[in-house]
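> Have a look at the structure that comes next, please.
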Amino acid sequence: MRHLMNPLDFTVEELDKLFDLANDIEKNPEKYSEKCKGKKIATCFYEPSTRTRLSFESAMINLGGSVIGFSDANSSSASKGESVSDTIRVISCFADICAMRHPKEGAAMVAASKSSIPVINAGDGGHQHPTQTLTDMLTIRSLKGRLNHFTIGLCGDLKFGRTVHSLVNALSRYDDIHFIFISPEELRIPDYIREMLSEKGISYQEYIKLEDCIGDLDLLYMTRVQRERFFNEEDYVRLKDFYILDKNKMSMAKEDMLVLHPLPRVNEISVEVDDDPRAVYFKQVQYGVYVRMALILTLLELA
Amino acid sequence: MLNVGKIEEGFVLDHIQAGKSLSLYHHLMLDKLDCTVAIIKNAKSNKMGKKDILKVECDINMLDLDVLAFIDHNITVNVIKDGEIVDKKELVLPKEIKNVIKCKNPRCITSIEQELPHIFILTDEEKEIYRCKYCEEKYGEKRL
């Protein structure tokens with residue numbers, strides 16, 4: 001029995017298989033509409049995350065299965081002090097697979113170690129969110145046709161953004177990827193990521209301003225710069241507008257550059273960009289459902 | 001010059017960084033053992049200037065070499081039998097250590113899940129970096 005804790009749990013070959021399956025689901029949804037008939041997914045969300053939870057639930061319903069679960073810790077036995085280890089042993093009796101979101105880092109791993117059903121980490125604090133990374137990768141692979149040979153810019157809060165760290169780690173296994181990190185000094189990509197890239201001989205550059213490099217990018221991964229991450233208001237005001245992607249900045253970008261965003265977006269991408277065919281962040285949400293369907297089938301060994 | 005007598009059977013931990021022997025004594029849980037222990041602080045050393053030494057009269061199997069290696073793998077472990085050194089144990093960094101150090105990341109599941117063992121994995125042998133098995137937080141402190 002397999003679980004998914006970290007996007008690196010799957011080899012590159014296994015990911016290829018998973019993404020092929022997701023693409024087949026996209027093309028032939030009816031072929032998969034009863035694959036999980038009689039199966040149940042438990043969505044155990046100890047903290048609210050409407051988007052991820054609904055994506056998992058939608059994925060299971062698309063496969064003909066059904067859904068049980070809770071959407072915040074107060075409506076579960078955790079509010080009575082039950083441990084994650086005990087909860088998963090109970091859930092294992094009710095469902096065939098579990099997607100768990102928990103504010104504490106490593107919670108899903110603890111659950112997996114005690115579970116008799118596959119556990120998917122649906123986000124554990126600031127640590128990992130593997131299905132977001134799989135979503136990002138499937139979007140790139142489907143729309144670019146490859147996961148290698150490109151320049152990707154990651155922009156915004158690169159220090160605290162777990163989706164960024166996770167995506168860089170996952171893409172570092174593919175050939176000829178050049179990373180461009182665009183962030184204020186205060187929110188630079190952590191040392192350990194830069195060290196990892198240097199050790200692997202992977203090239204990267206760092207920029208403060210998006211307009212200084214946007215023309216070189218094949219992909220732009222935007223994240224939100226959060227006011228509360230800054231030490232003073234002055235710095236935030238000085239830097240925040242660097243990272244608002246608007247029509248003007250898009251005019252400097254390549255014609256086939258794709259813009260991704262893990263969402264929710266606040267103001268870092270102007271709504272005027274939404275109609276640009278290069279803006280694929282809403283398509284990305286749809287790919288999130290396909291990849292979760294493929295993942296459920298794979299972990300239940302129904303693929 | 002202080003003289004501490006020979007031990008017949010047990011082990012001598014030599015080349016302990018000066019001042020660290022008491023801490024080591026607790027980490028190895030020698031306080032729980034009912035045996036003779038000599039703690040020598042600030043002994044003269046050609047190699048280190050000053051060093052600490054621990055002499056323990058008990059079976060070598062009572063000693064957790066993994067814990068010792070994690071704390072300081074430069075310590076020399078002399079195994080004594082019939083008053084003579086019969087073996088010198090080489091210490092290698094353990095791949096995994098359990099319940100020796102605690103994860104200090106307040107966001108880690110170990111901070112709330114009762115009775116969960118605190119497990120650290122050696123992730124970089126060269127830089128001697130250990131990370132929490134659950135949250136991957138680096139153990140950033142000096143060993144002792």
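Labels used: A, B, ... for chains in the order of the structure tokens, numbers from 1 for residues in each chain, and numbers from 1 for ligands as shown.
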Counting only C-alpha atoms, what are the residues of chain A within 10 Å of chain B, and for each of them which pair of atoms is the nearest and at what distance in Å, to one decimal? Sort the table by chain and rising number, as CSV.

```
residue,atom,partner,partner_atom,distance
A:Gly81,CA,B:Glu113,CA,9.7
A:Glu82,CA,B:Glu113,CA,9.1
A:Ser83,CA,B:Glu113,CA,5.9
A:Val84,CA,B:Glu113,CA,7.1
A:Ser85,CA,B:Glu113,CA,8.1
A:His102,CA,B:Ile109,CA,9.1
A:Pro103,CA,B:Arg107,CA,7.5
A:Lys104,CA,B:Ile109,CA,4.9
A:Glu105,CA,B:Cys108,CA,4.6
A:Gly106,CA,B:Tyr134,CA,4.1
A:Ala107,CA,B:Ile109,CA,5.4
A:Ala108,CA,B:Tyr134,CA,8.8
A:Met109,CA,B:Tyr134,CA,6.6
A:Val110,CA,B:Tyr134,CA,7.6
A:Asp124,CA,B:Cys135,CA,8.7
A:Gly125,CA,B:Arg107,CA,7.1
A:Gly126,CA,B:Arg107,CA,8.3
A:His127,CA,B:Cys135,CA,6.5
A:Gln128,CA,B:Cys135,CA,8.9
```
> Determine, counting only C-alpha atoms, which protein, DNA and RNA residues have an atom within 10 Å of an atom of range 111-114 of chain A; residues of the same chain fewer than 2 positions away are not included. Present the result as a list in words.
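That gives Arg2, His3, Leu4, Met5, Ser83, Val84, Ser85, Asp86, Thr87, Ile88, Arg89, Ser92, Cys98, Met100, Gly106, Ala107, Ala108, Met109, Ser116, Ile117, Pro118, Val119, Ile120 and Asn121 of chain A.
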> For range 21-30 of chain B, find every residue with an atom within 12 Å (counting only C-alpha atoms), except residues of its own chain fewer than 6 positions away, and show them as number ranges by chain.
B: 12-15, 36-43, 51-58, 62-72, 75, 99-101, 143-144
> Please run DSSP on the backbone and report, as a VMD selection string, all residues within range 76-220 of chain A that come out as helix (DSSP H, G or I).
chain A and resid 77 to 80 84 to 94 107 to 114 130 to 144 162 to 171 185 to 187 191 to 199 210 to 212 214 to 216
> As an exercise, work out the distance from CA of Ser166 in chain A to CA of Met60 in chain A in Å and give it to one decimal place.
24.6 Å
> Please provide the set of residues having any atom within 7 Å of range 214-225 of chain A, restricted to only C-alpha atoms, with same-chain residues fewer than 3 positions apart removed, written as a list in words.
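With the cut-off at 7 Å, the set is Phe150, Thr151, Ile152, Gly153, Leu154, Cys155, Gly156, Asp157, Leu210, Glu211, Lys240, Met252, Ala253, Lys254, Asp256, Met257, Leu258, Val259, Leu260, His261, Arg265 and Glu268 of chain A.
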> CA of Cys93 in chain A to CA of Thr52 in chain A: how many Å, to one decimal?
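Spanning CA of Cys93 in chain A to CA of Thr52 in chain A is a straight-line distance of 23.4 Å.
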> I'd like the interatomic distance between CA of Gly64 in chain A and CA of Ser49 in chain A, to a tenth of an Å.
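Interatomic distance here is 23.0 Å.
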> Do a neighbour search on Lys89 in chain B at 9 Å with only C-alpha atoms, toss out local chain neighbours closer than 5 positions, and write the hits as a PDB file with N, CA and C atoms, in the first residue's frame.

```pdb
ATOM      1  N   LEU B  65      26.044   3.308  21.582  1.00  0.00           N
ATOM      2  CA  LEU B  65      27.088   3.919  20.750  1.00  0.00           C
ATOM      3  C   LEU B  65      26.508   4.916  19.742  1.00  0.00           C
ATOM      4  N   THR B  76      36.914   8.878  21.711  1.00  0.00           N
ATOM      5  CA  THR B  76      37.520   7.541  21.596  1.00  0.00           C
ATOM      6  C   THR B  76      36.858   6.618  22.618  1.00  0.00           C
ATOM      7  N   VAL B  77      36.431   5.456  22.151  1.00  0.00           N
ATOM      8  CA  VAL B  77      35.790   4.489  23.061  1.00  0.00           C
ATOM      9  C   VAL B  77      36.730   3.304  23.250  1.00  0.00           C
ATOM     10  N   ASN B  78      37.281   3.179  24.432  1.00  0.00           N
ATOM     11  CA  ASN B  78      38.167   2.055  24.743  1.00  0.00           C
ATOM     12  C   ASN B  78      37.396   1.016  25.536  1.00  0.00           C
ATOM     13  N   VAL B  79      37.409  -0.204  25.041  1.00  0.00           N
ATOM     14  CA  VAL B  79      36.724  -1.291  25.754  1.00  0.00           C
ATOM     15  C   VAL B  79      37.754  -1.998  26.635  1.00  0.00           C
TER      16      VAL B  79
END
```
> Which is closer to Gln284 in chain A than all the others in A:Ser251, A:Asn169, A:Ser142, A:Asn28, using only C-alpha atoms?
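Counting only C-alpha atoms, the residue closest to Gln284 in chain A is A:Ser142.
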> As an MDAnalysis selection string, please: the residues near range 33-46 of chain A (cut-off 6 Å, only C-alpha atoms, same-chain neighbours under 4 positions excluded).
chainID A and resid 62:73 95:102
> Go ahead and save the picked residues with N, CA and C atoms, as a PDB file, in the first residue's frame.

```pdb
ATOM      1  N   ASN A  62     -16.402  12.237  -9.524  1.00  0.00           N
ATOM      2  CA  ASN A  62     -16.199  11.994 -10.967  1.00  0.00           C
ATOM      3  C   ASN A  62     -15.859  10.532 -11.261  1.00  0.00           C
ATOM      4  N   LEU A  63     -15.263   9.877 -10.257  1.00  0.00           N
ATOM      5  CA  LEU A  63     -14.870   8.472 -10.449  1.00  0.00           C
ATOM      6  C   LEU A  63     -15.979   7.507 -10.003  1.00  0.00           C
ATOM      7  N   GLY A  64     -17.135   8.066  -9.622  1.00  0.00           N
ATOM      8  CA  GLY A  64     -18.262   7.221  -9.223  1.00  0.00           C
ATOM      9  C   GLY A  64     -18.241   6.830  -7.764  1.00  0.00           C
ATOM     10  N   GLY A  65     -17.306   7.363  -7.016  1.00  0.00           N
ATOM     11  CA  GLY A  65     -17.215   7.038  -5.589  1.00  0.00           C
ATOM     12  C   GLY A  65     -17.972   8.041  -4.745  1.00  0.00           C
ATOM     13  N   SER A  66     -17.876   7.874  -3.447  1.00  0.00           N
ATOM     14  CA  SER A  66     -18.567   8.829  -2.578  1.00  0.00           C
ATOM     15  C   SER A  66     -17.612   9.384  -1.516  1.00  0.00           C
ATOM     16  N   VAL A  67     -18.132  10.351  -0.784  1.00  0.00           N
ATOM     17  CA  VAL A  67     -17.272  11.175   0.065  1.00  0.00           C
ATOM     18  C   VAL A  67     -17.817  11.241   1.486  1.00  0.00           C
ATOM     19  N   ILE A  68     -16.936  11.064   2.470  1.00  0.00           N
ATOM     20  CA  ILE A  68     -17.297  11.379   3.859  1.00  0.00           C
ATOM     21  C   ILE A  68     -16.193  12.272   4.399  1.00  0.00           C
ATOM     22  N   GLY A  69     -16.389  12.872   5.555  1.00  0.00           N
ATOM     23  CA  GLY A  69     -15.291  13.662   6.105  1.00  0.00           C
ATOM     24  C   GLY A  69     -15.736  14.827   6.950  1.00  0.00           C
ATOM     25  N   PHE A  70     -14.748  15.611   7.366  1.00  0.00           N
ATOM     26  CA  PHE A  70     -15.043  16.819   8.137  1.00  0.00           C
ATOM     27  C   PHE A  70     -14.158  17.939   7.597  1.00  0.00           C
ATOM     28  N   SER A  71     -14.628  19.180   7.834  1.00  0.00           N
ATOM     29  CA  SER A  71     -13.920  20.285   7.199  1.00  0.00           C
ATOM     30  C   SER A  71     -13.308  21.272   8.188  1.00  0.00           C
ATOM     31  N   ASP A  72     -13.427  20.980   9.469  1.00  0.00           N
ATOM     32  CA  ASP A  72     -12.573  21.705  10.412  1.00  0.00           C
ATOM     33  C   ASP A  72     -12.483  20.926  11.711  1.00  0.00           C
ATOM     34  N   ALA A  73     -11.420  21.181  12.448  1.00  0.00           N
ATOM     35  CA  ALA A  73     -11.108  20.343  13.606  1.00  0.00           C
ATOM     36  C   ALA A  73     -12.223  20.369  14.645  1.00  0.00           C
ATOM     37  N   ALA A  95     -13.539   4.264   5.427  1.00  0.00           N
ATOM     38  CA  ALA A  95     -13.274   4.706   4.053  1.00  0.00           C
ATOM     39  C   ALA A  95     -12.195   3.849   3.406  1.00  0.00           C
ATOM     40  N   ASP A  96     -12.010   4.035   2.102  1.00  0.00           N
ATOM     41  CA  ASP A  96     -11.012   3.258   1.349  1.00  0.00           C
ATOM     42  C   ASP A  96      -9.738   4.047   1.132  1.00  0.00           C
ATOM     43  N   ILE A  97      -9.822   5.380   1.240  1.00  0.00           N
ATOM     44  CA  ILE A  97      -8.663   6.249   1.033  1.00  0.00           C
ATOM     45  C   ILE A  97      -8.937   7.543   1.801  1.00  0.00           C
ATOM     46  N   CYS A  98      -7.877   8.204   2.216  1.00  0.00           N
ATOM     47  CA  CYS A  98      -8.061   9.415   3.028  1.00  0.00           C
ATOM     48  C   CYS A  98      -7.191  10.554   2.504  1.00  0.00           C
ATOM     49  N   ALA A  99      -7.778  11.743   2.406  1.00  0.00           N
ATOM     50  CA  ALA A  99      -6.990  12.949   2.116  1.00  0.00           C
ATOM     51  C   ALA A  99      -6.994  13.783   3.384  1.00  0.00           C
ATOM     52  N   MET A 100      -5.822  14.095   3.891  1.00  0.00           N
ATOM     53  CA  MET A 100      -5.746  14.793   5.182  1.00  0.00           C
ATOM     54  C   MET A 100      -5.059  16.141   5.083  1.00  0.00           C
ATOM     55  N   ARG A 101      -5.714  17.163   5.595  1.00  0.00           N
ATOM     56  CA  ARG A 101      -5.102  18.500   5.738  1.00  0.00           C
ATOM     57  C   ARG A 101      -5.016  18.786   7.226  1.00  0.00           C
ATOM     58  N   HIS A 102      -3.834  19.168   7.686  1.00  0.00           N
ATOM     59  CA  HIS A 102      -3.644  19.387   9.121  1.00  0.00           C
ATOM     60  C   HIS A 102      -2.689  20.562   9.308  1.00  0.00           C
TER      61      HIS A 102
END
```
